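A.B. asks: So that you have it, the file is target.txt, and it contains compact mmCIF, C-alpha atoms:
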```txt
# COMPACT_ATOMS: atom_id res chain seq x y z
CA MET A 1 88.88 95.79 85.99
CA THR A 2 85.83 95.67 88.22
CA ASP A 3 82.61 96.25 86.27
CA THR A 4 80.49 97.89 88.95
CA THR A 5 79.42 101.06 87.20
CA LEU A 6 77.21 103.00 89.59
CA PRO A 7 74.34 105.29 88.55
CA ASP A 8 74.57 109.09 88.90
CA ALA A 9 78.26 109.81 89.46
CA ASN A 10 77.56 112.66 91.91
CA ALA A 11 75.07 110.75 94.06
CA THR A 12 76.05 109.33 97.43
CA PRO A 13 76.16 105.52 97.55
CA ASP A 14 73.94 103.73 100.06
CA GLU A 15 75.25 102.27 103.32
CA ASP A 16 75.39 98.72 101.92
CA VAL A 17 77.64 99.83 99.04
CA LEU A 18 79.91 101.69 101.47
CA ARG A 19 80.11 98.71 103.82
CA ARG A 20 81.08 96.39 100.95
CA LEU A 21 83.56 98.98 99.68
CA ARG A 22 85.33 99.16 103.05
CA TRP A 23 85.61 95.37 103.09
CA ARG A 24 86.90 95.35 99.49
CA CYS A 25 89.57 97.91 100.40
CA ARG A 26 91.28 95.70 102.98
CA ARG A 27 94.82 95.12 101.74
CA GLY A 28 97.80 92.89 102.50
CA LEU A 29 100.27 95.75 102.96
CA LEU A 30 99.97 97.85 106.10
CA GLU A 31 101.19 100.90 104.18
CA ASN A 32 98.24 100.68 101.79
CA ASP A 33 95.82 100.21 104.69
CA ILE A 34 97.13 103.40 106.30
CA PHE A 35 96.45 105.41 103.13
CA ILE A 36 93.01 103.83 102.72
CA ASP A 37 91.99 104.26 106.37
CA ARG A 38 93.00 107.92 106.30
CA PHE A 39 91.04 108.38 103.06
CA PHE A 40 87.89 106.92 104.63
CA GLU A 41 88.33 109.00 107.80
CA GLN A 42 88.63 112.22 105.80
CA HIS A 43 86.28 111.55 102.88
CA GLY A 44 84.07 108.59 103.78
CA ALA A 45 81.03 110.72 104.63
CA SER A 46 81.23 112.62 101.34
CA LEU A 47 81.97 109.81 98.89
CA THR A 48 80.19 109.94 95.57
CA ASN A 49 79.53 107.08 93.16
CA SER A 50 82.28 108.50 90.96
CA LEU A 51 84.84 108.28 93.77
CA VAL A 52 83.63 104.78 94.65
CA GLN A 53 84.21 103.72 91.03
CA GLY A 54 87.74 105.15 91.06
CA LEU A 55 88.52 103.44 94.35
CA LEU A 56 87.24 100.10 93.07
CA GLU A 57 89.48 100.39 90.03
CA LEU A 58 92.48 101.00 92.30
CA MET A 59 91.56 97.99 94.45
CA ASP A 60 91.97 95.74 91.39
CA LEU A 61 95.72 96.46 91.48
CA SER A 62 98.31 94.38 93.28
CA ASP A 63 99.44 95.76 96.62
CA ASN A 64 102.83 96.83 95.27
CA ASP A 65 101.35 98.59 92.23
CA LEU A 66 98.84 100.38 94.44
CA LEU A 67 101.57 101.52 96.82
CA ASP A 68 103.63 102.86 93.90
CA LEU A 69 100.65 104.99 92.86
CA LEU A 70 99.91 106.15 96.40
CA LEU A 71 103.52 107.20 96.91
CA ALA A 72 103.52 108.90 93.47
CA ARG A 73 106.37 106.69 92.26
CA LYS A 74 104.16 105.99 89.26
CA GLU A 75 101.13 107.57 87.61
CA PRO A 76 98.07 105.73 86.30
CA GLU A 77 98.43 104.34 82.78
CA GLY A 78 96.12 102.83 80.19
CA GLU A 79 92.55 102.15 81.31
CA LEU A 80 93.47 103.20 84.84
CA ASP A 81 94.30 106.72 83.63
CA ASN A 82 90.86 108.27 84.07
CA ALA A 83 89.31 111.15 85.99
CA GLU A 84 87.83 109.00 88.78
CA VAL A 85 91.11 107.23 89.59
CA ARG A 86 93.11 110.47 89.43
CA ARG A 87 90.64 112.19 91.80
CA VAL A 88 90.86 109.34 94.33
CA LEU A 89 94.65 109.36 94.13
CA SER A 90 94.76 113.11 94.69
CA LEU A 91 92.68 112.64 97.84
CA MET A 92 94.69 109.66 99.08
CA ARG A 93 98.20 110.97 98.52
CA VAL A 94 99.97 112.89 101.24
CA SER A 95 100.34 116.56 100.35
CA PRO A 96 103.83 117.99 100.78
CA ALA A 97 104.11 120.12 103.90
```
Can I see the file as structure tokens?

C.D. replies:
Amino acid sequence: MTDTTLPDANATPDEDVLRRLRWRCRRGLLENDIFIDRFFEQHGASLTNSLVQGLLELMDLSDNDLLDLLLARKEPEGELDNAEVRRVLSLMRVSPA
């Protein structure tokens, strides 16, 4: 797990943190990149340190495990089952029409 605990969970991270986060979120599977790009388009301007922490935890997963979570084939388990990760997943997953 990435140990990059950020201060003040509701604060907005600075531009340098966001730039490094975008780079860190580049994935090997196009499907994951589509979810991540859409997430940044919709929520990038309003990210909080709490959401950044949840996203970093998801980025520690393998591409296939991440895709299973994004497609709701699986739910977070163990240390990954926390409020930050669940909030990021709820924002990244496609809502049923």

A.B. asks: Would you pick out the contacts of Arg86 in chain A at 10 Å or less, using all atoms listed in the file, so that residues sharing its chain but fewer than 6 positions from it are not included, and give the list as a PDB file with C-alpha atoms, in the frame of the given file?

C.D. replies:
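As written to disk, part_6.pdb reads:
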```
ATOM      1  CA  LEU A  51      84.840 108.280  93.770  1.00  0.00           C
ATOM      2  CA  GLY A  54      87.740 105.150  91.060  1.00  0.00           C
ATOM      3  CA  LEU A  55      88.520 103.440  94.350  1.00  0.00           C
ATOM      4  CA  LEU A  58      92.480 101.000  92.300  1.00  0.00           C
ATOM      5  CA  LEU A  69     100.650 104.990  92.860  1.00  0.00           C
ATOM      6  CA  GLU A  75     101.130 107.570  87.610  1.00  0.00           C
ATOM      7  CA  PRO A  76      98.070 105.730  86.300  1.00  0.00           C
ATOM      8  CA  LEU A  80      93.470 103.200  84.840  1.00  0.00           C
ATOM      9  CA  MET A  92      94.690 109.660  99.080  1.00  0.00           C
TER      10      MET A  92
END
```

A.B. asks: Calculated over all atoms listed in the file, which of the candidates A:Asp14, A:Phe39, A:Asn32, A:Trp23 has the smallest distance to Ser62 in chain A?

C.D. replies: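 With all atoms listed in the file as the atom set, the closest residue is A:Asn32.
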
A.B. asks: Need the shell around Arg93 in chain A: protein/DNA/RNA residues with any atom at most 9 Å away, counting only C-alpha atoms. Skip same-chain ones fewer than 4 positions apart. Format as a PDB file with C-alpha atoms, in the coordinates of the input?

C.D. replies:
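Saved to around.pdb:
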```
ATOM      1  CA  PHE A  35      96.450 105.410 103.130  1.00  0.00           C
ATOM      2  CA  PHE A  39      91.040 108.380 103.060  1.00  0.00           C
ATOM      3  CA  LEU A  69     100.650 104.990  92.860  1.00  0.00           C
ATOM      4  CA  LEU A  70      99.910 106.150  96.400  1.00  0.00           C
ATOM      5  CA  LEU A  71     103.520 107.200  96.910  1.00  0.00           C
ATOM      6  CA  ALA A  72     103.520 108.900  93.470  1.00  0.00           C
ATOM      7  CA  VAL A  88      90.860 109.340  94.330  1.00  0.00           C
ATOM      8  CA  LEU A  89      94.650 109.360  94.130  1.00  0.00           C
TER       9      LEU A  89
END
```

A.B. asks: Could you list as a ChimeraX atom specification every residue that has an atom within 12 Å of (97.0, 101.2, 103.7), using the file's coordinates and counting all atoms listed in the file?

C.D. replies: /A:22,25-40,59,63-64,66-68,70-71,92-93

A.B. asks: Between A:Lys74, A:Asp65, A:Asn82, A:Leu56, which residue has the minimum interatomic distance to Arg24 in chain A, considering only C-alpha atoms?

C.D. replies: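 The answer is A:Leu56, which sits nearest to Arg24 in chain A.
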
A.B. asks: Which residue out of A:Glu77, A:Ala83, A:Leu91, A:Val52 has the minimum interatomic distance to Leu21 in chain A when all atoms listed in the file are used?

C.D. replies: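 For Leu21 in chain A, the nearest of the candidates is A:Val52.
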
A.B. asks: Just give me the gap between CA of Glu57 in chain A and CA of Arg87 in chain A in Å, one decimal is fine.

C.D. replies: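 Spanning CA of Glu57 in chain A to CA of Arg87 in chain A is a straight-line distance of 12.0 Å.
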
A.B. asks: By how many Å are CA of Val17 in chain A and CA of Val94 in chain A apart?

C.D. replies: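 These atoms are spaced 26.0 Å apart.
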
A.B. asks: Interatomic distance between CA of Asp8 in chain A and CA of Ser50 in chain A?

C.D. replies: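 Pair CA of Asp8 in chain A / CA of Ser50 in chain A returns 8.0 Å.
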
A.B. asks: Quick one: of A:Leu61, A:Gly78, A:Val85, A:Leu18, who's nearest to Gly44 in chain A, counting all atoms listed in the file?

C.D. replies: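 Between A:Leu61, A:Gly78, A:Val85, A:Leu18, the residue approaching Gly44 in chain A most closely is A:Leu18.
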
A.B. asks: Could the centre and edge lengths of an axis-aligned box, enclosing all atoms of range 25-42 of chain A in the file with 6 Å extra on each side, be given in Å to one decimal as AutoDock Vina command-line options?

C.D. replies:
```
--center_x 94.5 --center_y 102.6 --center_z 104.1 --size_x 25.3 --size_y 31.3 --size_z 19.4
```

A.B. asks: Let me make sure I understand: among A:Gln53, A:Glu84, A:Arg73, A:Leu47, which one has the smallest atom-to-atom distance to Glu15 in chain A if we use all atoms listed in the file?

C.D. replies: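 Of all the options, A:Leu47 lies closest to Glu15 in chain A.
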